[in-house]
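J.: Sharing final01.cif, mmCIF, C-alpha atoms:
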```cif
data_upload
loop_
_atom_site.label_atom_id
_atom_site.label_comp_id
_atom_site.auth_asym_id
_atom_site.auth_seq_id
_atom_site.Cartn_x
_atom_site.Cartn_y
_atom_site.Cartn_z
CA MET D 15 32.55 102.17 85.65
CA PHE D 16 34.42 102.52 82.35
CA ARG D 17 37.69 103.18 84.23
CA SER D 18 37.25 99.98 86.29
CA LEU D 19 36.54 97.88 83.21
CA LEU D 20 39.55 99.32 81.38
CA LEU D 21 41.86 98.70 84.32
CA GLY D 22 40.54 95.15 84.67
CA PHE D 23 41.31 94.51 81.00
CA ILE D 24 44.83 95.90 81.40
CA LEU D 25 45.43 93.73 84.49
CA LEU D 26 44.29 90.65 82.61
CA GLY D 27 46.60 91.48 79.74
CA PHE D 28 49.61 92.08 81.96
CA ASN D 29 49.16 88.91 84.03
CA ILE D 30 47.55 86.48 81.59
CA PHE D 31 50.56 84.15 81.73
CA ALA D 32 50.00 83.41 85.41
CA HIS D 33 46.58 81.99 84.61
CA PRO D 34 45.99 78.30 83.78
CA VAL D 35 42.64 79.23 82.12
CA ILE D 36 42.67 82.15 79.66
CA TRP D 37 40.06 83.59 77.29
CA LYS D 38 37.62 81.31 75.44
CA GLY D 39 39.33 79.81 72.41
CA GLY D 40 42.87 80.60 73.62
CA SER D 41 45.64 78.03 73.94
CA VAL D 42 48.73 77.95 76.17
CA PHE D 43 51.95 75.96 75.84
CA THR D 44 54.22 75.84 78.91
CA LEU D 45 57.63 74.27 79.47
CA ARG D 46 58.96 74.43 83.05
CA HIS D 47 62.10 72.99 84.62
CA LEU D 48 62.04 72.81 88.43
CA PRO D 49 64.58 71.35 90.89
CA ARG D 50 62.74 68.02 91.31
CA MET D 51 60.38 68.07 88.35
CA LYS D 52 60.09 68.90 84.65
CA ARG D 53 56.64 69.79 83.29
CA VAL D 54 55.12 70.35 79.84
CA ASN D 55 51.54 71.61 79.47
CA LEU D 56 49.33 72.21 76.44
CA HIS D 57 45.84 73.53 77.20
CA HIS D 58 42.94 74.99 75.22
CA SER D 59 40.25 77.07 76.94
CA LEU D 60 36.78 75.87 75.95
CA THR D 61 35.27 78.66 78.05
CA HIS D 62 36.74 81.46 80.18
CA ARG D 63 36.40 79.10 83.18
CA TRP D 64 37.44 75.68 81.79
CA ALA D 65 40.51 74.47 79.88
CA LEU D 66 41.31 70.98 78.60
CA GLY D 67 44.65 69.59 77.54
CA PHE D 68 47.64 67.40 78.27
CA HIS D 69 50.14 67.59 81.13
CA PHE D 70 53.45 65.73 81.11
CA ALA D 71 55.49 65.53 84.32
CA ASP D 72 58.92 63.99 84.89
CA ILE D 73 59.37 63.59 88.66
CA GLN D 74 62.91 62.36 89.31
CA ASP D 75 62.88 60.22 86.14
CA GLU D 76 59.32 58.96 86.75
CA LYS D 77 57.44 59.98 83.59
CA LEU D 78 53.70 60.69 83.89
CA LEU D 79 51.16 61.85 81.30
CA PHE D 80 47.75 63.27 82.19
CA PHE D 81 44.58 64.30 80.42
CA GLN D 82 44.16 67.59 82.24
CA ASN D 83 41.20 69.73 83.33
CA ASN D 84 41.84 73.26 84.65
CA PHE D 85 38.99 75.20 86.26
CA LEU D 86 38.59 78.83 87.25
CA LEU D 87 36.65 78.38 90.49
CA LYS D 88 36.32 82.04 91.50
CA ARG D 89 37.49 85.45 90.29
CA PHE D 90 37.48 88.66 92.32
CA ASN D 91 37.72 91.85 90.27
CA LYS D 92 38.56 95.09 92.05
CA PRO D 93 39.22 98.57 90.60
CA SER D 94 43.00 98.16 90.84
CA SER D 95 43.58 94.42 91.37
CA GLN D 96 42.35 90.92 90.58
CA ALA D 97 42.33 87.62 92.50
CA ASN D 98 41.66 84.09 91.24
CA ILE D 99 41.19 80.56 92.57
CA TYR D 100 41.86 77.61 90.24
CA GLY D 101 41.48 73.85 90.54
CA PHE D 102 43.31 71.13 88.58
CA ILE D 103 42.36 67.51 87.90
CA GLY D 104 44.55 65.26 85.74
CA LEU D 105 43.75 61.65 84.82
CA GLY D 106 46.68 59.41 83.96
CA LEU D 107 47.18 58.08 80.44
CA ALA D 108 49.11 55.05 79.12
CA PRO D 109 51.42 53.37 79.75
CA ARG D 110 51.36 53.64 83.56
CA PHE D 111 47.59 54.15 83.75
CA LEU D 112 47.13 50.60 82.44
CA LYS D 113 48.79 49.25 85.58
CA ASP D 114 48.23 51.68 88.43
CA GLU D 115 46.15 54.60 89.54
CA ASN D 116 47.78 57.75 88.25
CA PHE D 117 46.31 61.21 88.72
CA HIS D 118 47.05 64.82 89.57
CA LEU D 119 45.14 67.14 91.90
CA GLY D 120 46.01 70.77 92.47
CA ILE D 121 44.79 74.17 93.58
CA GLN D 122 46.13 77.68 92.96
CA GLY D 123 45.27 81.09 94.37
CA ASP D 124 46.70 84.38 93.17
CA TRP D 125 46.30 88.12 93.65
CA GLU D 126 47.83 90.78 91.43
CA SER D 127 47.90 94.45 90.65
CA ARG D 128 50.08 96.22 88.10
CA ARG D 129 52.82 96.56 90.73
CA PHE D 130 52.52 93.47 92.97
CA TYR D 131 51.87 89.77 92.43
CA THR D 132 51.33 86.85 94.81
CA GLN D 133 50.62 83.19 94.16
CA PHE D 134 50.19 80.05 96.25
CA ASN D 135 49.69 76.59 94.78
CA VAL D 136 49.73 72.96 95.82
CA ASN D 137 50.12 70.14 93.29
CA SER D 138 49.80 66.47 94.25
CA PHE D 139 50.78 63.60 91.96
CA PHE D 140 49.57 60.08 92.77
CA TYR D 141 51.26 57.05 91.19
CA ASP D 142 53.52 54.42 92.83
CA LYS D 143 54.33 57.23 95.25
CA ILE D 144 52.61 60.42 96.35
CA PHE D 145 54.54 63.56 95.45
CA VAL D 146 53.41 66.97 96.75
CA SER D 147 54.83 70.28 95.56
CA THR D 148 53.92 73.52 97.37
CA THR D 149 54.95 76.93 96.02
CA PHE D 150 54.56 80.48 97.27
CA ARG D 151 55.49 83.52 95.17
CA PHE D 152 55.68 87.25 95.80
CA GLY D 153 56.61 89.53 92.93
CA VAL D 154 57.21 93.21 92.24
CA ALA D 155 57.27 95.02 88.91
CA PRO D 156 60.18 97.50 89.04
CA TYR D 157 58.46 99.67 86.43
CA ILE D 158 54.98 99.91 84.89
CA GLU D 159 54.88 99.35 81.14
CA ASP D 160 52.18 99.82 78.51
CA TYR D 161 50.15 96.83 77.36
CA ASP D 162 52.37 96.06 74.33
CA GLY D 163 55.65 96.85 76.10
CA PHE D 164 58.41 94.69 77.56
CA HIS D 165 57.47 93.66 81.12
CA THR D 166 59.77 92.62 83.94
CA TRP D 167 58.93 91.09 87.32
CA ILE D 168 61.26 90.25 90.19
CA ILE D 169 59.81 87.32 92.14
CA PHE D 170 60.76 85.63 95.41
CA GLN D 171 59.74 81.95 95.32
CA ALA D 172 59.65 79.45 98.19
CA ASN D 173 59.18 75.77 97.39
CA GLN D 174 58.67 72.57 99.34
CA ASP D 175 58.69 69.23 97.52
CA SER D 176 58.09 65.96 99.33
CA PHE D 177 57.33 62.29 98.88
CA LEU D 178 55.04 61.11 101.64
CA ASP D 179 57.43 58.27 102.47
CA ASP D 180 60.52 60.52 102.42
CA SER D 181 61.81 63.78 103.83
CA ALA D 182 60.82 67.10 102.30
CA MET D 183 63.16 69.28 100.25
CA SER D 184 62.76 73.03 100.68
CA SER D 185 64.24 75.78 98.55
CA SER D 186 63.90 79.49 97.98
CA MET D 187 65.06 81.40 94.95
CA LEU D 188 64.98 84.66 93.10
CA VAL D 189 63.11 84.52 89.78
CA PHE D 190 63.18 87.05 86.96
CA ARG D 191 60.12 87.05 84.71
CA PHE D 192 60.14 88.74 81.30
CA PHE D 193 57.24 88.87 78.89
CA MET D 194 56.10 90.74 75.84
CA GLN D 195 52.90 90.14 73.89
CA ASN D 196 52.49 86.33 73.59
CA TYR D 197 55.82 85.18 75.05
CA LEU D 198 57.13 84.71 78.58
CA ILE D 199 60.47 83.55 80.00
CA GLU D 200 61.36 82.97 83.66
CA LEU D 201 64.85 82.33 84.98
CA GLY D 202 65.55 81.61 88.64
CA SER D 203 68.28 80.36 90.95
CA ASP D 204 68.88 79.73 94.65
CA PHE D 205 72.63 80.36 93.98
CA LYS D 206 73.40 76.88 95.41
CA GLY D 207 72.93 74.80 92.28
CA LEU D 208 69.12 74.70 92.03
CA GLY D 209 67.50 76.56 89.18
CA LEU D 210 64.18 77.23 87.47
CA MET D 211 63.38 77.89 83.82
CA THR D 212 59.96 78.58 82.29
CA PHE D 213 58.99 79.21 78.69
CA MET D 214 55.35 80.01 77.89
CA VAL D 215 53.45 81.13 74.82
CA HIS D 216 49.74 81.68 74.25
CA PHE D 217 48.00 81.67 70.88
#
```
As a first step, turn the structure in this file into structure tokens.
T.:
Amino acid sequence: MFRSLLLGFILLGFNIFAHPVIWKGGSVFTLRHLPRMKRVNLHHSLTHRWALGFHFADIQDEKLLFFQNNFLLKRFNKPSSQANIYGFIGLGLAPRFLKDENFHLGIQGDWESRRFYTQFNVNSFFYDKIFVSTTFRFGVAPYIEDYDGFHTWIIFQANQDSFLDDSAMSSSMLVFRFFMQNYLIELGSDFKGLGLMTFMVHF
């Protein structure tokens, strides 16, 4: 029993940055640059299952701001792995919200051990248009580090972004994730001009 609890704590520590809801009282700031979208998030976890905050998205020069709710819907703890299901609801704020409906709906599922990591998420943004972004990730840690050490993940990411009135754009890229203590950086490229950059800190 003690071994399972300890391993669960270590898993949570190693993979906390993948989680949109962290421990009660914790806050997360995220800056992410994607091929078709730039995103900035600031969230504070009121409980270990619910976080509130703000979510800014720039979708091909269309700027959107949301009052965001993130929910941990289900967690599955195993002796050597953990899985989670999250839901996202964002309500649009001024100025666009004064004129049109503007909201964000999303869902994320992930599974991780100390060696392997998978994630699937779908994010939908509703404004003048409907924009849907779908992402799948599979990652491997080339080495296992202690809790306070420098961690590296090599991640394959497949993306499909689409406007419902336009054709979809698909991409796949290699992403390198580095984190230590409270800080995370991701750098990715498809080697054809599309890139990804993530900076994240929790406090």
J.: Suppose a student applies the PyMOL selection byres ((chain D and resi 89-101) around 6) to this structure; what residues should they get, written as a list in words?
T.: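 So the PyMOL selection byres ((chain D and resi 89-101) around 6) ends up selecting Ser18, Asn84, Phe85, Leu86, Leu87, Lys88, Phe102, Gly120, Ile121, Gln122, Gly123, Asp124, Trp125, Glu126 and Ser127 of chain D.
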J.: For Phe217 (chain D), list every protein, DNA or RNA residue within 12 Å, evaluated using only C-alpha atoms, and leave out those in the same chain fewer than 5 positions away; present the list as an NGL selection string.
T.: :D and (30-31 or 36-44 or 56-59 or 195-197)
J.: So how many Å separate CA of Ser138 (chain D) and CA of Leu107 (chain D), to one decimal?
T.: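 CA of Ser138 (chain D) sits 16.4 Å away from CA of Leu107 (chain D).
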J.: As a check of understanding, name the residues that the PyMOL selection byres ((chain D and resi 142-158) around 8) selects in the supplied structure, as a short mmCIF file (atom, residue, chain, number, x, y, z; two decimals) with C-alpha atoms, keeping the file's coordinate frame.
T.:
```
data_model
loop_
_atom_site.label_atom_id
_atom_site.label_comp_id
_atom_site.auth_asym_id
_atom_site.auth_seq_id
_atom_site.Cartn_x
_atom_site.Cartn_y
_atom_site.Cartn_z
CA ASP D 114 48.23 51.68 88.43
CA ARG D 128 50.08 96.22 88.10
CA ARG D 129 52.82 96.56 90.73
CA PHE D 130 52.52 93.47 92.97
CA TYR D 131 51.87 89.77 92.43
CA THR D 132 51.33 86.85 94.81
CA GLN D 133 50.62 83.19 94.16
CA PHE D 134 50.19 80.05 96.25
CA ASN D 135 49.69 76.59 94.78
CA VAL D 136 49.73 72.96 95.82
CA ASN D 137 50.12 70.14 93.29
CA SER D 138 49.80 66.47 94.25
CA PHE D 139 50.78 63.60 91.96
CA PHE D 140 49.57 60.08 92.77
CA TYR D 141 51.26 57.05 91.19
CA GLU D 159 54.88 99.35 81.14
CA ASP D 160 52.18 99.82 78.51
CA HIS D 165 57.47 93.66 81.12
CA THR D 166 59.77 92.62 83.94
CA TRP D 167 58.93 91.09 87.32
CA ILE D 168 61.26 90.25 90.19
CA ILE D 169 59.81 87.32 92.14
CA PHE D 170 60.76 85.63 95.41
CA GLN D 171 59.74 81.95 95.32
CA ALA D 172 59.65 79.45 98.19
CA ASN D 173 59.18 75.77 97.39
CA GLN D 174 58.67 72.57 99.34
CA ASP D 175 58.69 69.23 97.52
CA SER D 176 58.09 65.96 99.33
CA PHE D 177 57.33 62.29 98.88
CA LEU D 178 55.04 61.11 101.64
CA ASP D 179 57.43 58.27 102.47
#
```
J.: For a test of reading the model, state the distance in Å between CA of Gly163 (chain D) and CA of Arg46 (chain D), rounded to one decimal.
T.: 23.7 Å
